[in-house]
Amino acid sequence: MKKILITGALGQIGSELVLKLRKLYGADNVIATDIRKNDSIVVTSGPFELLDVTDEQKMYQIAKKYEVDTLIHLVALLSATAEEKPLLAWNLNMGSLMNALEVSKELKLQLFTPSSIGVFGPTTPSNLTPQDTILRPTTMYGVNKVSGELLCDYYFQKFGVDTRGLRFPGLVSYGTLPGGGTTDYAVEIFYSSVKNQSYTSYIDKGTYMDMMYMPDAIQAIIDLMEADSSQLIHRNAFNVTAMSIAPEDIGAEIKKFIPSFVMDYKVDPTKQSIAESWPNSIDATCAKEEWGFHIEYDLGKMTKDMLEKINKNQLSFS
């Protein structure tokens, strides 16, 4: 990567990835885009363009204007929101990915787009889910992500587009508030613990899902994109994970720092159903072997850092 275009730059991943890449590659070499504009550091610290990702011509024009060699496509309607608006999810998620693939094909760009543990379903092995396994999701978001993995494989095999991707678990970040994902409770709980010393979880006790702290997710994107293409076997859909945890595990860790913290449960049937269709734990062996995937943050280290950052920045969740 030398010059990079990012869609969805103001989202959960993009808002931190843009800043990291600008430090590594230079501010002028990372072009952030989003459908909206604000006064955040993502907008003010380097090139920024307004972009509706359903507009392929505009995406092409921006990529051509800045002479980028890499496109990181992050726009997506997430799992819980996608269940509420399935047609919008299909049109946005798949239409924008097709645009990104076509632009990458025409301009010979390297393309990254994230997949998700949402590709798995109730018939997938639930413990240490392997890289190559049954992909029969029961959510629109999962259907989108499986379709995206197959499309990226197709564009690599048919047109030689250097497509790459990761199956992200739930991502935890202090920088951006939740945006409609099933695993958002793992972000909400930290903000609520600081503000109210309590949290009501919409995911039930004992529901294990894989999670990753955002700094590890950002580093994984960079490491994969910089990896030798000849070493990649599972090019577009690498399993990655840092920890398999249930809500009470996070609660217990928070209590080490906030002894007064209290947690209860009011289960959301839709989100709980989605969570139960996903694996308990993921096997990331292929990512480790093919491009050296590794993590720095376990649950304890993540909890300490999240609480310190939230307190330092006086952030609040509502």
# chains A, B, ... in the order shown; residues from 1 in each chain; ligands from 1
>>> residues_around(residues="Thr207 of chain A", least_positions_apart="4", cutoff="9 Å", atoms="only C-alpha atoms", output="list in words")
Ile203, Ile245, Ala246, Pro247, Gln272, Ala275, Glu276 and Asn280 of chain A
>>> residues_around(residues="Ala100 of chain A", least_positions_apart="6", cutoff="8 Å", atoms="only C-alpha atoms", output="NGL selection string")
:A and (56 or 59 or 71 or 73 or 111)
>>> residues_around(residues="Ile221 of chain A", least_positions_apart="4", cutoff="12 Å", atoms="only C-alpha atoms", output="ChimeraX atom specification")
/A:1,13-14,16-18,20-21,72-74,111-115,164-168,214-217,225-227,236-238,240,287,291-294
>>> write_last_selection(atoms="N, CA and C atoms", output="compact mmCIF listing (two decimals), in the first residue's frame")
# COMPACT_ATOMS: atom_id res chain seq x y z
N MET A 1 0.85 -1.19 0.00
CA MET A 1 0.00 0.00 0.00
C MET A 1 0.88 1.24 0.00
N ILE A 13 -14.63 1.19 12.46
CA ILE A 13 -13.28 0.79 12.05
C ILE A 13 -12.56 1.96 11.38
N GLY A 14 -13.24 2.61 10.46
CA GLY A 14 -12.61 3.65 9.65
C GLY A 14 -12.04 4.79 10.46
N GLU A 16 -10.64 4.92 13.27
CA GLU A 16 -9.33 4.62 13.86
C GLU A 16 -8.32 4.19 12.81
N LEU A 17 -8.78 3.47 11.79
CA LEU A 17 -7.88 3.01 10.74
C LEU A 17 -7.27 4.18 9.97
N VAL A 18 -8.08 5.18 9.65
CA VAL A 18 -7.59 6.35 8.90
C VAL A 18 -6.41 6.99 9.63
N LYS A 20 -4.41 5.74 11.96
CA LYS A 20 -3.25 4.84 12.00
C LYS A 20 -2.51 4.83 10.67
N LEU A 21 -3.25 4.74 9.58
CA LEU A 21 -2.63 4.70 8.26
C LEU A 21 -1.95 6.02 7.92
N ILE A 72 -9.88 0.46 0.59
CA ILE A 72 -10.37 -0.24 1.78
C ILE A 72 -11.84 0.13 1.94
N HIS A 73 -12.69 -0.85 1.67
CA HIS A 73 -14.15 -0.61 1.60
C HIS A 73 -14.79 -1.10 2.89
N LEU A 74 -15.23 -0.16 3.74
CA LEU A 74 -15.72 -0.50 5.08
C LEU A 74 -17.21 -0.29 5.26
N LEU A 111 -7.73 -4.47 -2.96
CA LEU A 111 -9.00 -4.20 -2.30
C LEU A 111 -9.11 -4.99 -1.00
N PHE A 112 -9.46 -4.27 0.08
CA PHE A 112 -9.81 -4.92 1.34
C PHE A 112 -11.26 -4.63 1.65
N THR A 113 -11.99 -5.68 2.04
CA THR A 113 -13.34 -5.48 2.57
C THR A 113 -13.54 -6.49 3.69
N PRO A 114 -14.09 -6.07 4.82
CA PRO A 114 -14.23 -6.98 5.96
C PRO A 114 -15.39 -7.94 5.79
N SER A 115 -15.17 -9.18 6.20
CA SER A 115 -16.26 -10.11 6.39
C SER A 115 -16.52 -10.20 7.89
N ARG A 164 -8.67 -8.95 -0.53
CA ARG A 164 -8.28 -9.53 0.75
C ARG A 164 -9.34 -9.19 1.80
N GLY A 165 -9.49 -10.05 2.80
CA GLY A 165 -10.50 -9.77 3.81
C GLY A 165 -10.34 -10.60 5.07
N LEU A 166 -10.98 -10.14 6.14
CA LEU A 166 -10.94 -10.79 7.44
C LEU A 166 -12.37 -11.03 7.93
N ARG A 167 -12.60 -12.17 8.56
CA ARG A 167 -13.87 -12.41 9.23
C ARG A 167 -13.75 -11.87 10.66
N PHE A 168 -14.17 -10.62 10.84
CA PHE A 168 -14.04 -10.01 12.15
C PHE A 168 -15.06 -10.56 13.13
N MET A 214 -10.10 -3.03 19.14
CA MET A 214 -9.87 -2.36 17.87
C MET A 214 -8.39 -2.22 17.47
N PRO A 215 -7.47 -1.90 18.39
CA PRO A 215 -6.07 -1.82 17.95
C PRO A 215 -5.57 -3.10 17.30
N ASP A 216 -6.01 -4.26 17.79
CA ASP A 216 -5.61 -5.53 17.17
C ASP A 216 -6.27 -5.70 15.80
N ALA A 217 -7.52 -5.25 15.67
CA ALA A 217 -8.21 -5.34 14.38
C ALA A 217 -7.54 -4.47 13.33
N MET A 225 -2.81 -6.68 4.47
CA MET A 225 -2.63 -5.93 3.23
C MET A 225 -1.17 -5.83 2.81
N GLU A 226 -0.27 -5.92 3.78
CA GLU A 226 1.16 -5.86 3.46
C GLU A 226 1.76 -7.24 3.24
N ALA A 227 0.99 -8.29 3.44
CA ALA A 227 1.49 -9.65 3.30
C ALA A 227 1.79 -9.99 1.85
N ASN A 236 -9.69 -14.03 1.16
CA ASN A 236 -10.73 -13.04 1.43
C ASN A 236 -11.53 -13.28 2.70
N ALA A 237 -11.19 -14.27 3.46
CA ALA A 237 -12.10 -14.64 4.55
C ALA A 237 -11.36 -15.28 5.72
N PHE A 238 -10.29 -14.64 6.17
CA PHE A 238 -9.52 -15.22 7.27
C PHE A 238 -10.26 -15.11 8.59
N VAL A 240 -10.30 -14.49 12.30
CA VAL A 240 -9.44 -13.83 13.29
C VAL A 240 -10.24 -13.65 14.58
N ALA A 287 -4.85 -17.79 9.61
CA ALA A 287 -4.34 -16.42 9.60
C ALA A 287 -2.95 -16.35 10.24
N TRP A 291 -0.01 -15.38 7.30
CA TRP A 291 0.52 -14.02 7.30
C TRP A 291 0.86 -13.47 8.68
N GLY A 292 0.95 -14.37 9.67
CA GLY A 292 1.47 -13.97 10.96
C GLY A 292 0.52 -13.21 11.86
N PHE A 293 -0.78 -13.49 11.76
CA PHE A 293 -1.74 -12.83 12.63
C PHE A 293 -1.39 -13.04 14.10
N HIS A 294 -1.51 -11.96 14.88
CA HIS A 294 -1.26 -12.03 16.32
C HIS A 294 -2.06 -10.93 17.01
>>> closest_residue(among="A:Thr176, A:Thr138, A:Ser147, A:Asn311", to="Asn93 of chain A", atoms="only C-alpha atoms")
A:Ser147
>>> atom_distance(atom1="atom CA of Asp55 of chain A", atom2="atom CA of Leu150 of chain A")
22.2 Å
>>> residues_around(residues="segment 66-70 of chain A", least_positions_apart="2", cutoff="9 Å", atoms="only C-alpha atoms", output="PDB file with N, CA and C atoms, in the first residue's frame")
ATOM      1  N   MET A   1       0.848  -1.192   0.000  1.00  0.00           N
ATOM      2  CA  MET A   1       0.000   0.000   0.000  1.00  0.00           C
ATOM      3  C   MET A   1       0.884   1.244   0.000  1.00  0.00           C
ATOM      4  N   LYS A   2       0.521   2.182  -0.888  1.00  0.00           N
ATOM      5  CA  LYS A   2       1.224   3.460  -0.935  1.00  0.00           C
ATOM      6  C   LYS A   2       0.254   4.635  -0.842  1.00  0.00           C
ATOM      7  N   LYS A   3      -0.856   4.521  -1.570  1.00  0.00           N
ATOM      8  CA  LYS A   3      -1.873   5.567  -1.531  1.00  0.00           C
ATOM      9  C   LYS A   3      -3.231   4.888  -1.400  1.00  0.00           C
ATOM     10  N   ILE A   4      -3.984   5.266  -0.372  1.00  0.00           N
ATOM     11  CA  ILE A   4      -5.105   4.450   0.077  1.00  0.00           C
ATOM     12  C   ILE A   4      -6.394   5.268   0.131  1.00  0.00           C
ATOM     13  N   LEU A   5      -7.456   4.715  -0.446  1.00  0.00           N
ATOM     14  CA  LEU A   5      -8.792   5.302  -0.378  1.00  0.00           C
ATOM     15  C   LEU A   5      -9.633   4.468   0.578  1.00  0.00           C
ATOM     16  N   ILE A   6     -10.309   5.131   1.534  1.00  0.00           N
ATOM     17  CA  ILE A   6     -11.120   4.424   2.518  1.00  0.00           C
ATOM     18  C   ILE A   6     -12.557   4.900   2.434  1.00  0.00           C
ATOM     19  N   ASN A  29      -1.486  10.657   1.842  1.00  0.00           N
ATOM     20  CA  ASN A  29      -1.604   9.394   1.108  1.00  0.00           C
ATOM     21  C   ASN A  29      -2.777   8.532   1.562  1.00  0.00           C
ATOM     22  N   VAL A  30      -3.596   9.074   2.456  1.00  0.00           N
ATOM     23  CA  VAL A  30      -4.773   8.336   2.934  1.00  0.00           C
ATOM     24  C   VAL A  30      -5.999   9.225   2.735  1.00  0.00           C
ATOM     25  N   ILE A  31      -6.838   8.857   1.778  1.00  0.00           N
ATOM     26  CA  ILE A  31      -8.007   9.666   1.417  1.00  0.00           C
ATOM     27  C   ILE A  31      -9.233   9.065   2.085  1.00  0.00           C
ATOM     28  N   GLN A  61     -14.149   8.224  -9.812  1.00  0.00           N
ATOM     29  CA  GLN A  61     -13.551   9.549 -10.013  1.00  0.00           C
ATOM     30  C   GLN A  61     -12.609   9.924  -8.870  1.00  0.00           C
ATOM     31  N   ILE A  62     -13.015   9.627  -7.636  1.00  0.00           N
ATOM     32  CA  ILE A  62     -12.163   9.945  -6.485  1.00  0.00           C
ATOM     33  C   ILE A  62     -10.901   9.086  -6.496  1.00  0.00           C
ATOM     34  N   ALA A  63     -11.058   7.801  -6.768  1.00  0.00           N
ATOM     35  CA  ALA A  63      -9.904   6.905  -6.825  1.00  0.00           C
ATOM     36  C   ALA A  63      -8.931   7.341  -7.922  1.00  0.00           C
ATOM     37  N   LYS A  64      -9.483   7.752  -9.068  1.00  0.00           N
ATOM     38  CA  LYS A  64      -8.663   8.212 -10.193  1.00  0.00           C
ATOM     39  C   LYS A  64      -7.987   9.536  -9.866  1.00  0.00           C
ATOM     40  N   ILE A  72      -9.884   0.455   0.585  1.00  0.00           N
ATOM     41  CA  ILE A  72     -10.366  -0.237   1.777  1.00  0.00           C
ATOM     42  C   ILE A  72     -11.839   0.128   1.936  1.00  0.00           C
ATOM     43  N   SER A 104     -11.956  -1.346  -8.463  1.00  0.00           N
ATOM     44  CA  SER A 104     -10.661  -1.998  -8.255  1.00  0.00           C
ATOM     45  C   SER A 104     -10.206  -2.729  -9.505  1.00  0.00           C
ATOM     46  N   LEU A 107      -9.124   0.026 -12.185  1.00  0.00           N
ATOM     47  CA  LEU A 107      -7.915   0.790 -11.847  1.00  0.00           C
ATOM     48  C   LEU A 107      -6.794  -0.078 -11.302  1.00  0.00           C
ATOM     49  N   LYS A 108      -7.020  -1.402 -11.287  1.00  0.00           N
ATOM     50  CA  LYS A 108      -6.008  -2.356 -10.818  1.00  0.00           C
ATOM     51  C   LYS A 108      -5.570  -2.044  -9.380  1.00  0.00           C
ATOM     52  N   LEU A 109      -6.560  -1.931  -8.519  1.00  0.00           N
ATOM     53  CA  LEU A 109      -6.313  -1.619  -7.121  1.00  0.00           C
ATOM     54  C   LEU A 109      -6.291  -2.881  -6.269  1.00  0.00           C
ATOM     55  N   GLN A 110      -5.554  -2.813  -5.179  1.00  0.00           N
ATOM     56  CA  GLN A 110      -5.667  -3.808  -4.120  1.00  0.00           C
ATOM     57  C   GLN A 110      -6.913  -3.459  -3.310  1.00  0.00           C
ATOM     58  N   LEU A 111      -7.734  -4.469  -2.965  1.00  0.00           N
ATOM     59  CA  LEU A 111      -9.003  -4.195  -2.296  1.00  0.00           C
ATOM     60  C   LEU A 111      -9.111  -4.986  -1.000  1.00  0.00           C
ATOM     61  N   PHE A 112      -9.455  -4.273   0.084  1.00  0.00           N
ATOM     62  CA  PHE A 112      -9.810  -4.925   1.341  1.00  0.00           C
ATOM     63  C   PHE A 112     -11.264  -4.634   1.647  1.00  0.00           C
TER      64      PHE A 112
END
>>> closest_residue(among="A:Ser230, A:Thr270, A:Ser192, A:Ser281", to="Ile254 of chain A", atoms="only C-alpha atoms")
A:Ser192
>>> atom_distance(atom1="atom CA of Glu289 of chain A", atom2="atom CA of Ile218 of chain A")
18.7 Å
>>> residues_around(residues="Arg36 of chain A", least_positions_apart="2", cutoff="7 Å", atoms="only C-alpha atoms", output="JSON, numbers by chain")
{"A": [34, 38, 50]}
>>> decode(residues="segment 70-96 of chain A", atoms="N, CA and C atoms", output="short mmCIF file (atom, residue, chain, number, x, y, z; two decimals), in the first residue's frame")
data_model
loop_
_atom_site.label_atom_id
_atom_site.label_comp_id
_atom_site.auth_asym_id
_atom_site.auth_seq_id
_atom_site.Cartn_x
_atom_site.Cartn_y
_atom_site.Cartn_z
N THR A 70 -4.77 1.39 -3.51
CA THR A 70 -5.45 0.52 -2.56
C THR A 70 -6.82 1.12 -2.20
N LEU A 71 -7.84 0.25 -2.15
CA LEU A 71 -9.19 0.65 -1.73
C LEU A 71 -9.58 -0.20 -0.53
N ILE A 72 -9.88 0.46 0.59
CA ILE A 72 -10.37 -0.24 1.78
C ILE A 72 -11.84 0.13 1.94
N HIS A 73 -12.69 -0.85 1.67
CA HIS A 73 -14.15 -0.61 1.60
C HIS A 73 -14.79 -1.10 2.89
N LEU A 74 -15.23 -0.16 3.74
CA LEU A 74 -15.72 -0.50 5.08
C LEU A 74 -17.21 -0.29 5.26
N VAL A 75 -17.89 0.29 4.29
CA VAL A 75 -19.31 0.61 4.45
C VAL A 75 -20.14 -0.67 4.58
N ALA A 76 -21.02 -0.70 5.60
CA ALA A 76 -21.95 -1.82 5.75
C ALA A 76 -23.06 -1.46 6.72
N LEU A 77 -24.24 -2.00 6.45
CA LEU A 77 -25.32 -1.97 7.42
C LEU A 77 -25.15 -3.22 8.28
N LEU A 78 -25.04 -3.05 9.60
CA LEU A 78 -24.65 -4.15 10.49
C LEU A 78 -25.81 -5.07 10.84
N SER A 79 -25.49 -6.12 11.60
CA SER A 79 -26.37 -7.29 11.74
C SER A 79 -27.77 -6.97 12.25
N ALA A 80 -27.86 -6.33 13.42
CA ALA A 80 -29.19 -6.09 13.99
C ALA A 80 -30.00 -5.13 13.13
N THR A 81 -29.37 -4.08 12.63
CA THR A 81 -30.05 -3.12 11.76
C THR A 81 -30.47 -3.78 10.45
N ALA A 82 -29.62 -4.65 9.94
CA ALA A 82 -29.93 -5.34 8.68
C ALA A 82 -31.16 -6.23 8.81
N GLU A 83 -31.40 -6.79 10.00
CA GLU A 83 -32.59 -7.61 10.21
C GLU A 83 -33.85 -6.75 10.19
N GLU A 84 -33.73 -5.51 10.61
CA GLU A 84 -34.87 -4.60 10.60
C GLU A 84 -35.15 -4.08 9.19
N LYS A 85 -34.08 -3.97 8.38
CA LYS A 85 -34.21 -3.39 7.04
C LYS A 85 -33.47 -4.26 6.03
N PRO A 86 -33.96 -5.48 5.79
CA PRO A 86 -33.21 -6.43 4.96
C PRO A 86 -33.00 -5.98 3.51
N LEU A 87 -33.98 -5.34 2.91
CA LEU A 87 -33.82 -4.91 1.52
C LEU A 87 -32.78 -3.80 1.42
N LEU A 88 -32.84 -2.84 2.35
CA LEU A 88 -31.83 -1.79 2.38
C LEU A 88 -30.45 -2.38 2.60
N ALA A 89 -30.36 -3.38 3.48
CA ALA A 89 -29.07 -4.02 3.76
C ALA A 89 -28.50 -4.66 2.50
N TRP A 90 -29.33 -5.39 1.77
CA TRP A 90 -28.85 -6.05 0.54
C TRP A 90 -28.39 -5.01 -0.48
N ASN A 91 -29.22 -4.00 -0.70
CA ASN A 91 -28.89 -3.00 -1.71
C ASN A 91 -27.63 -2.22 -1.36
N LEU A 92 -27.49 -1.83 -0.09
CA LEU A 92 -26.32 -1.07 0.31
C LEU A 92 -25.08 -1.94 0.39
N ASN A 93 -25.17 -3.05 1.10
CA ASN A 93 -23.98 -3.88 1.33
C ASN A 93 -23.47 -4.51 0.04
N MET A 94 -24.37 -5.06 -0.75
CA MET A 94 -23.92 -5.75 -1.96
C MET A 94 -23.69 -4.77 -3.11
N GLY A 95 -24.54 -3.76 -3.22
CA GLY A 95 -24.34 -2.78 -4.30
C GLY A 95 -23.04 -2.03 -4.15
N SER A 96 -22.73 -1.62 -2.94
CA SER A 96 -21.49 -0.86 -2.73
C SER A 96 -20.26 -1.75 -2.92
#
